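**Student:** Structure below; questions to follow.
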Amino acid sequence: MDPRAEPARDRRAERAAARRARTLRGAAIAAISSVVVLGGIAVLIVTSPGWPDVRDTFFNVDVFRESFPAVLDAFWLDVRVFLIVEVCVLVLALGVALLRTSNAPAMFPLRLLATVYADVFRGIPVILLVYLVGFGIPALDIDGLPSEPVVLGGIALTLSYTAYVSEVYRAGLRSVHRGQRDAALAIGLTESQATRHVILPQAVRRVGPPLLNDFIALQKDVALIAIIGVAGEAFRVAQIQAASDFNYTPLIAAALLYLAVTVPLARLLDRWDFERAR
Amino acid sequence: MMPVNAPVLEFRGVTKAFGEREVLHGIDLAIAEHEAVAVIGASGSGKSTMLRCADLLEEIDDGDILLDGEVITDPSVDAVAVRRRLGLVFQAYNLFPHLTVLENVVLGSWRGHGVPRDEAESAARAQLERLGLGGRENDHPDRLSGGQQQRVALARAFSARPRAMLLDEVTSALDPELVGEVLASVRTLRDEGVTMLIATHEMSFAREVADRVGYLHEGRLVEIGPPEQLLAEPREPETQRFLRRLLEAGRA
């Protein structure tokens with residue numbers, strides 16, 4: 001028997017015990033501090049002088065039950081607008097990004113336009129853009145241009161988000177190492193084949209999480225089209241219901257619906273980032 | 001008619017500068033069919049630039065480079081068509097990380113050369129098998145060792161049967177114990193009579209694979225000769241100094 005084996009086993013047990021104690025202590029601290037902080041905030045709100053009024057106007061169960069079906073119904077319009085705008089943005093933004101990263105001389109005017117576009121539309125607040133497109137385009141009075149508020153709202157969102165998302169794509173395209181293009185050319189691909197088969201697939205994979213992040217923002221911003229009078233949009237419907245009896249509970253219902261979409265997206269994003277980091 | 005023993009690849013007074021810095025200065029070199037020429041020299045001597053110029057990844061400033069007797073460095077020449085006749089292997093492998101090993105090898109002959117996909121695939125499988133990579137076809141490059149990745153890069157560059165292979169420091173990024181397997185793969189290609197231009201500072205590589213070895217110093221090809229002569233009894237004092245330094249550093 002090796003006399004040194006005995007103490008080694010003891011130390012292993014000691015270390016395991018210390019690790020267990022550390023984990024336990026950590027969990028206890030986390031639990032206690034959560035109760036103190038969250039409980040403190042809850043107590044502060046519930047004991048405030050205005051709480052009974054707030055409870056009745058924002059968290060009224062009866063009003064919630066009554067208004068929820070209409071708000072949910074309207075929310076489908078939001079989801080549809082979101083999905084259509086998202087697809088348009090994904091395609092158009094890729095086009096803008098490819099234009100901006102190309103260096104073909106013939107593309108110069110288009111490249112200039114794309115640069116101006118991205119700079120201008122990222123600089124204008126989305127709410128302002130919804131107003132400008134929503135009221136400006138119909139005012140032009142040109143036959144054939146859309147006049148439906150929901151279409152105009154969708155166009156405004158597309159213009160704004162395409163500018164943002166094109167920058168995300170562009171960052172992805174530029175992050176692919178120069179050697180990848182060299183290798184693609186060296187095996188006999190043309191410039192455009194190199195982009196299509198080698199650069200682009202790697203770029204898109206890299207920007208997945210930031211793209212998803214922009215779509216969480218887009219999903220919320222769909223509510224902005226309510227301001228140009230899109231009938232049947234969730235926020236708008238909730239607003240009208242709230243205005244009829246000065247009870248704001250329908251707005252809470254709308255907020256919960258937005259959260260029902262954005263929170264799962266955010267979790268998905270976290271998981272994706274986590275898996276890539278491994 | 002082209003003379004029978006016209007060089008496959010030829011440099012004629014090739015000069016190349018990056019901005020103010022002249023990297024190649026009047027390079028003259030002709031590589032015959034089935035010949036392997038190694039160019040040795042310190043880092044920064046212009047070895048890689050020579051190969052990149054031949055593959056038209058860099059534009060030369062003066063002189064000509066010829067492939068099978070045809071000037072390829074004229075601005076009017078279709079660079080893509082020239083690159084399809086050459087196979088360049090990079091120091092850092094530059095494999096496509098989003099593709100499998102098989103797809104890496106297939107992409108050039110399929111998309112670039114227009115070979116039908118199944119035909120390109122069976123050729124690629126056979127090539128990978130010969131370079132000792134059978135069974136790794138469906139792995140992504142990041143699952144492979146550096147030596148295996150570089151052998152995939154060799155298979156990729158060779159997939160379309162180029163007129164000449166250009167090997168740019170293909171063993172410099174590898175751990176010493178992985179150099180051997182890459183050398184073995186290069187030798188496999190050599191045994192088929194593939195014409196090669198090799199940039200290296202690995203003396204054993206130059207000695208074993210090359211028919212002639214040239215010493216490149218500050219953008220000039222100082223001397224060139226059979227490996228046993230140039231590596232053992234160099235004529236020029238610059239070459240002697242370089243080899244002595246390598247010997248002292250234990251790299252020869």
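The way I read the labels, and the way they are meant: chains A, B, ... in the order of the structure tokens, residue 1 as the first residue of every chain, and ligand 1 as the first ligand shown, with later ones counted on from there.
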Hey, which bits of chain A sit within 12 Å of chain B, and for each residue what's the closest pair of atoms and how far apart in Å (one decimal), counting only C-alpha atoms, rows by chain and increasing number, as a tab-separated table?

**Tutor:**
```
residue	atom	partner	partner_atom	distance
A:Val176	CA	B:Phe96	CA	10.6
A:His177	CA	B:Asn94	CA	9.0
A:Arg178	CA	B:Asn94	CA	9.4
A:Gly179	CA	B:Asn94	CA	5.9
A:Gln180	CA	B:Asn94	CA	5.9
A:Arg181	CA	B:Asn94	CA	9.1
A:Asp182	CA	B:Leu57	CA	7.1
A:Ala183	CA	B:Asn94	CA	6.2
A:Ala184	CA	B:Gly108	CA	7.8
A:Leu185	CA	B:Arg83	CA	7.3
A:Ala186	CA	B:Arg83	CA	5.7
A:Ile187	CA	B:Gly108	CA	4.9
A:Gly188	CA	B:Arg84	CA	4.5
A:Leu189	CA	B:Gly112	CA	4.8
A:Thr190	CA	B:Val80	CA	6.1
A:Glu191	CA	B:Val80	CA	8.8
A:Ser192	CA	B:Gly112	CA	11.2
A:Gln193	CA	B:Arg111	CA	7.8
A:Ala194	CA	B:Gly112	CA	9.7
A:Arg196	CA	B:Arg111	CA	10.8
A:His197	CA	B:Leu107	CA	8.5
A:Val198	CA	B:Phe96	CA	6.9
A:Ile199	CA	B:Phe96	CA	9.1
A:Leu200	CA	B:His98	CA	10.4
A:Pro201	CA	B:His98	CA	7.3
A:Gln202	CA	B:His98	CA	6.4
A:Ala203	CA	B:His98	CA	10.2
A:Val204	CA	B:His98	CA	10.9
A:Arg205	CA	B:His98	CA	8.9
A:Arg206	CA	B:His98	CA	10.9
```

**Student:** Residues near range 89-102 of chain A, anyone? I mean within 7 Å using only C-alpha atoms, not counting same-chain ones fewer than 6 positions away, as a PyMOL selection string.

**Tutor:** chain A and resi 111+114-115+158+161-163+165-167+169-170

**Student:** What lies within 8 Å of Ser147 in chain A using only C-alpha atoms, ignoring chain neighbours under 4 positions off, as a PyMOL selection string?

**Tutor:** chain A and resi 137-138+151-152

**Student:** Restricting the output to all heavy atoms, write the selected residues as a PDB file, in the first residue's frame.

**Tutor:**
```
ATOM      1  N   ILE A 137     -47.014  60.444 -48.685  1.00  0.00           N
ATOM      2  CA  ILE A 137     -47.236  59.758 -49.959  1.00  0.00           C
ATOM      3  C   ILE A 137     -48.650  59.951 -50.480  1.00  0.00           C
ATOM      4  O   ILE A 137     -48.835  60.292 -51.657  1.00  0.00           O
ATOM      5  CB  ILE A 137     -46.826  58.270 -49.855  1.00  0.00           C
ATOM      6  CG1 ILE A 137     -45.294  58.204 -49.758  1.00  0.00           C
ATOM      7  CG2 ILE A 137     -47.311  57.473 -51.078  1.00  0.00           C
ATOM      8  CD1 ILE A 137     -44.714  56.822 -49.786  1.00  0.00           C
ATOM      9  N   PRO A 138     -49.685  59.793 -49.637  1.00  0.00           N
ATOM     10  CA  PRO A 138     -51.039  60.056 -50.155  1.00  0.00           C
ATOM     11  C   PRO A 138     -51.195  61.507 -50.619  1.00  0.00           C
ATOM     12  O   PRO A 138     -51.909  61.785 -51.590  1.00  0.00           O
ATOM     13  CB  PRO A 138     -51.940  59.775 -48.961  1.00  0.00           C
ATOM     14  CG  PRO A 138     -51.136  58.922 -48.064  1.00  0.00           C
ATOM     15  CD  PRO A 138     -49.707  59.316 -48.262  1.00  0.00           C
ATOM     16  N   VAL A 151     -50.427  49.675 -45.343  1.00  0.00           N
ATOM     17  CA  VAL A 151     -49.355  49.464 -46.324  1.00  0.00           C
ATOM     18  C   VAL A 151     -48.287  50.540 -46.171  1.00  0.00           C
ATOM     19  O   VAL A 151     -47.081  50.261 -46.141  1.00  0.00           O
ATOM     20  CB  VAL A 151     -49.926  49.471 -47.766  1.00  0.00           C
ATOM     21  CG1 VAL A 151     -48.796  49.359 -48.779  1.00  0.00           C
ATOM     22  CG2 VAL A 151     -50.916  48.344 -47.950  1.00  0.00           C
ATOM     23  N   LEU A 152     -48.748  51.796 -46.017  1.00  0.00           N
ATOM     24  CA  LEU A 152     -47.806  52.902 -45.856  1.00  0.00           C
ATOM     25  C   LEU A 152     -46.982  52.732 -44.580  1.00  0.00           C
ATOM     26  O   LEU A 152     -45.762  52.957 -44.570  1.00  0.00           O
ATOM     27  CB  LEU A 152     -48.564  54.228 -45.828  1.00  0.00           C
ATOM     28  CG  LEU A 152     -49.238  54.590 -47.161  1.00  0.00           C
ATOM     29  CD1 LEU A 152     -50.209  55.747 -46.970  1.00  0.00           C
ATOM     30  CD2 LEU A 152     -48.198  54.924 -48.218  1.00  0.00           C
TER      31      LEU A 152
END
```

**Student:** What's the 9 Å shell around range 221-233 of chain A, counting only C-alpha atoms, without same-chain residues fewer than 4 positions away, as a ChimeraX atom specification?

**Tutor:** /A:70-71,73-79,81-82,126-127,130-131,134-135,148-150,152-154,156-157,216-217,237-238

**Student:** Residues of range 79-119 of chain B in alpha helix (DSSP H) according to DSSP, as a list in words?

**Tutor:**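 DSSP on the backbone gives alpha helix (DSSP H) at Ala79, Val80, Ala81, Val82, Arg83, Val101, Leu102, Glu103, Asn104, Val105, Val106, Leu107, Arg117, Asp118 and Glu119 of chain B.
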
**Student:** Please provide the set of residues having any atom within 12 Å of Arg65 in chain A, restricted to only C-alpha atoms, with same-chain residues fewer than 5 positions apart removed, written as a PyMOL selection string.

**Tutor:** chain A and resi 59-60+70-72+249-250+252-253

**Student:** Pick from B:Val71, B:Leu183, B:Ile40, B:Ile60: nearest to Val222 in chain B, with only C-alpha atoms counted?

**Tutor:**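 Between B:Val71, B:Leu183, B:Ile40, B:Ile60, the residue approaching Val222 in chain B most closely is B:Ile40.
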
**Student:** As a list in words, which residues of range 2-59 of chain B does DSSP assign to strand (DSSP E)?

**Tutor:**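 Residues meeting the strand (DSSP E) criterion: Leu9, Glu10, Phe11, Arg12, Gly13, Val14, Thr15, Lys16, Ala17, Phe18, Arg21, Glu22, Val23, Leu24, His25, Gly26, Ile27, Asp28, Leu29, Ala30, Ile31, Ala36, Val37, Ala38, Val39 and Ile40 of chain B.
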
**Student:** Keeping N, CA, C and O atoms, export the residues of the selection given above as an mmCIF file, in the first residue's frame.

**Tutor:**
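Below is the file that was written, out.cif:
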```cif
data_model
loop_
_atom_site.group_PDB
_atom_site.id
_atom_site.type_symbol
_atom_site.label_atom_id
_atom_site.label_comp_id
_atom_site.auth_asym_id
_atom_site.auth_seq_id
_atom_site.Cartn_x
_atom_site.Cartn_y
_atom_site.Cartn_z
ATOM 1 N N LEU B 9 5.685 27.436 -66.384
ATOM 2 C CA LEU B 9 5.505 28.727 -65.727
ATOM 3 C C LEU B 9 6.817 29.495 -65.838
ATOM 4 O O LEU B 9 7.890 28.934 -65.597
ATOM 5 N N GLU B 10 6.712 30.743 -66.228
ATOM 6 C CA GLU B 10 7.933 31.509 -66.429
ATOM 7 C C GLU B 10 7.769 32.942 -65.920
ATOM 8 O O GLU B 10 6.770 33.598 -66.200
ATOM 9 N N PHE B 11 8.765 33.402 -65.153
ATOM 10 C CA PHE B 11 8.823 34.793 -64.697
ATOM 11 C C PHE B 11 9.882 35.497 -65.545
ATOM 12 O O PHE B 11 11.002 34.999 -65.672
ATOM 13 N N ARG B 12 9.520 36.652 -66.126
ATOM 14 C CA ARG B 12 10.495 37.394 -66.924
ATOM 15 C C ARG B 12 10.593 38.818 -66.393
ATOM 16 O O ARG B 12 9.669 39.605 -66.597
ATOM 17 N N GLY B 13 11.664 39.095 -65.695
ATOM 18 C CA GLY B 13 11.899 40.441 -65.184
ATOM 19 C C GLY B 13 10.755 40.982 -64.340
ATOM 20 O O GLY B 13 10.400 42.148 -64.429
ATOM 21 N N VAL B 14 10.186 40.104 -63.486
ATOM 22 C CA VAL B 14 8.988 40.501 -62.736
ATOM 23 C C VAL B 14 9.363 41.426 -61.572
ATOM 24 O O VAL B 14 10.224 41.098 -60.747
ATOM 25 N N THR B 15 8.697 42.555 -61.543
ATOM 26 C CA THR B 15 8.927 43.543 -60.496
ATOM 27 C C THR B 15 7.594 43.896 -59.861
ATOM 28 O O THR B 15 6.588 44.033 -60.562
ATOM 29 N N LYS B 16 7.605 43.974 -58.525
ATOM 30 C CA LYS B 16 6.361 44.274 -57.812
ATOM 31 C C LYS B 16 6.681 45.103 -56.579
ATOM 32 O O LYS B 16 7.589 44.769 -55.817
ATOM 33 N N ALA B 17 5.952 46.187 -56.405
ATOM 34 C CA ALA B 17 6.138 47.016 -55.206
ATOM 35 C C ALA B 17 4.801 47.179 -54.507
ATOM 36 O O ALA B 17 3.756 47.216 -55.143
ATOM 37 N N PHE B 18 4.842 47.223 -53.177
ATOM 38 C CA PHE B 18 3.675 47.636 -52.399
ATOM 39 C C PHE B 18 3.958 49.059 -51.945
ATOM 40 O O PHE B 18 4.756 49.271 -51.044
ATOM 41 N N ARG B 21 7.637 50.254 -51.183
ATOM 42 C CA ARG B 21 8.500 49.126 -50.886
ATOM 43 C C ARG B 21 8.522 48.145 -52.061
ATOM 44 O O ARG B 21 7.493 47.572 -52.412
ATOM 45 N N GLU B 22 9.677 47.956 -52.677
ATOM 46 C CA GLU B 22 9.787 47.024 -53.791
ATOM 47 C C GLU B 22 10.001 45.622 -53.248
ATOM 48 O O GLU B 22 10.977 45.360 -52.536
ATOM 49 N N VAL B 23 9.073 44.710 -53.529
ATOM 50 C CA VAL B 23 9.105 43.370 -52.952
ATOM 51 C C VAL B 23 9.769 42.382 -53.892
ATOM 52 O O VAL B 23 10.492 41.486 -53.467
ATOM 53 N N LEU B 24 9.519 42.533 -55.197
ATOM 54 C CA LEU B 24 10.184 41.687 -56.184
ATOM 55 C C LEU B 24 10.948 42.600 -57.132
ATOM 56 O O LEU B 24 10.427 43.630 -57.564
ATOM 57 N N HIS B 25 12.174 42.200 -57.446
ATOM 58 C CA HIS B 25 13.012 43.078 -58.248
ATOM 59 C C HIS B 25 13.605 42.294 -59.411
ATOM 60 O O HIS B 25 14.632 41.638 -59.265
ATOM 61 N N GLY B 26 12.946 42.312 -60.562
ATOM 62 C CA GLY B 26 13.472 41.663 -61.761
ATOM 63 C C GLY B 26 13.673 40.170 -61.618
ATOM 64 O O GLY B 26 14.769 39.652 -61.819
ATOM 65 N N ILE B 27 12.602 39.458 -61.242
ATOM 66 C CA ILE B 27 12.701 38.007 -61.061
ATOM 67 C C ILE B 27 12.667 37.315 -62.423
ATOM 68 O O ILE B 27 11.761 37.548 -63.229
ATOM 69 N N ASP B 28 13.674 36.462 -62.692
ATOM 70 C CA ASP B 28 13.674 35.609 -63.877
ATOM 71 C C ASP B 28 13.706 34.161 -63.411
ATOM 72 O O ASP B 28 14.606 33.786 -62.653
ATOM 73 N N LEU B 29 12.734 33.389 -63.850
ATOM 74 C CA LEU B 29 12.690 31.986 -63.431
ATOM 75 C C LEU B 29 11.798 31.219 -64.403
ATOM 76 O O LEU B 29 10.702 31.677 -64.725
ATOM 77 N N ALA B 30 12.283 30.077 -64.890
ATOM 78 C CA ALA B 30 11.465 29.240 -65.764
ATOM 79 C C ALA B 30 11.347 27.856 -65.147
ATOM 80 O O ALA B 30 12.351 27.265 -64.741
ATOM 81 N N ILE B 31 10.129 27.357 -65.058
ATOM 82 C CA ILE B 31 9.886 26.045 -64.456
ATOM 83 C C ILE B 31 9.382 25.116 -65.548
ATOM 84 O O ILE B 31 8.367 25.388 -66.195
ATOM 85 N N ALA B 36 9.879 20.595 -60.078
ATOM 86 C CA ALA B 36 9.509 21.275 -58.845
ATOM 87 C C ALA B 36 10.638 22.215 -58.447
ATOM 88 O O ALA B 36 11.779 21.778 -58.296
ATOM 89 N N VAL B 37 10.312 23.483 -58.318
ATOM 90 C CA VAL B 37 11.309 24.465 -57.917
ATOM 91 C C VAL B 37 10.907 25.013 -56.554
ATOM 92 O O VAL B 37 9.765 25.422 -56.360
ATOM 93 N N ALA B 38 11.856 24.980 -55.618
ATOM 94 C CA ALA B 38 11.593 25.573 -54.309
ATOM 95 C C ALA B 38 12.321 26.903 -54.218
ATOM 96 O O ALA B 38 13.447 27.028 -54.706
ATOM 97 N N VAL B 39 11.646 27.886 -53.650
ATOM 98 C CA VAL B 39 12.288 29.172 -53.409
ATOM 99 C C VAL B 39 12.390 29.333 -51.910
ATOM 100 O O VAL B 39 11.392 29.261 -51.196
ATOM 101 N N ILE B 40 13.643 29.493 -51.431
ATOM 102 C CA ILE B 40 13.835 29.697 -50.001
ATOM 103 C C ILE B 40 14.244 31.140 -49.770
ATOM 104 O O ILE B 40 14.653 31.848 -50.696
#
```
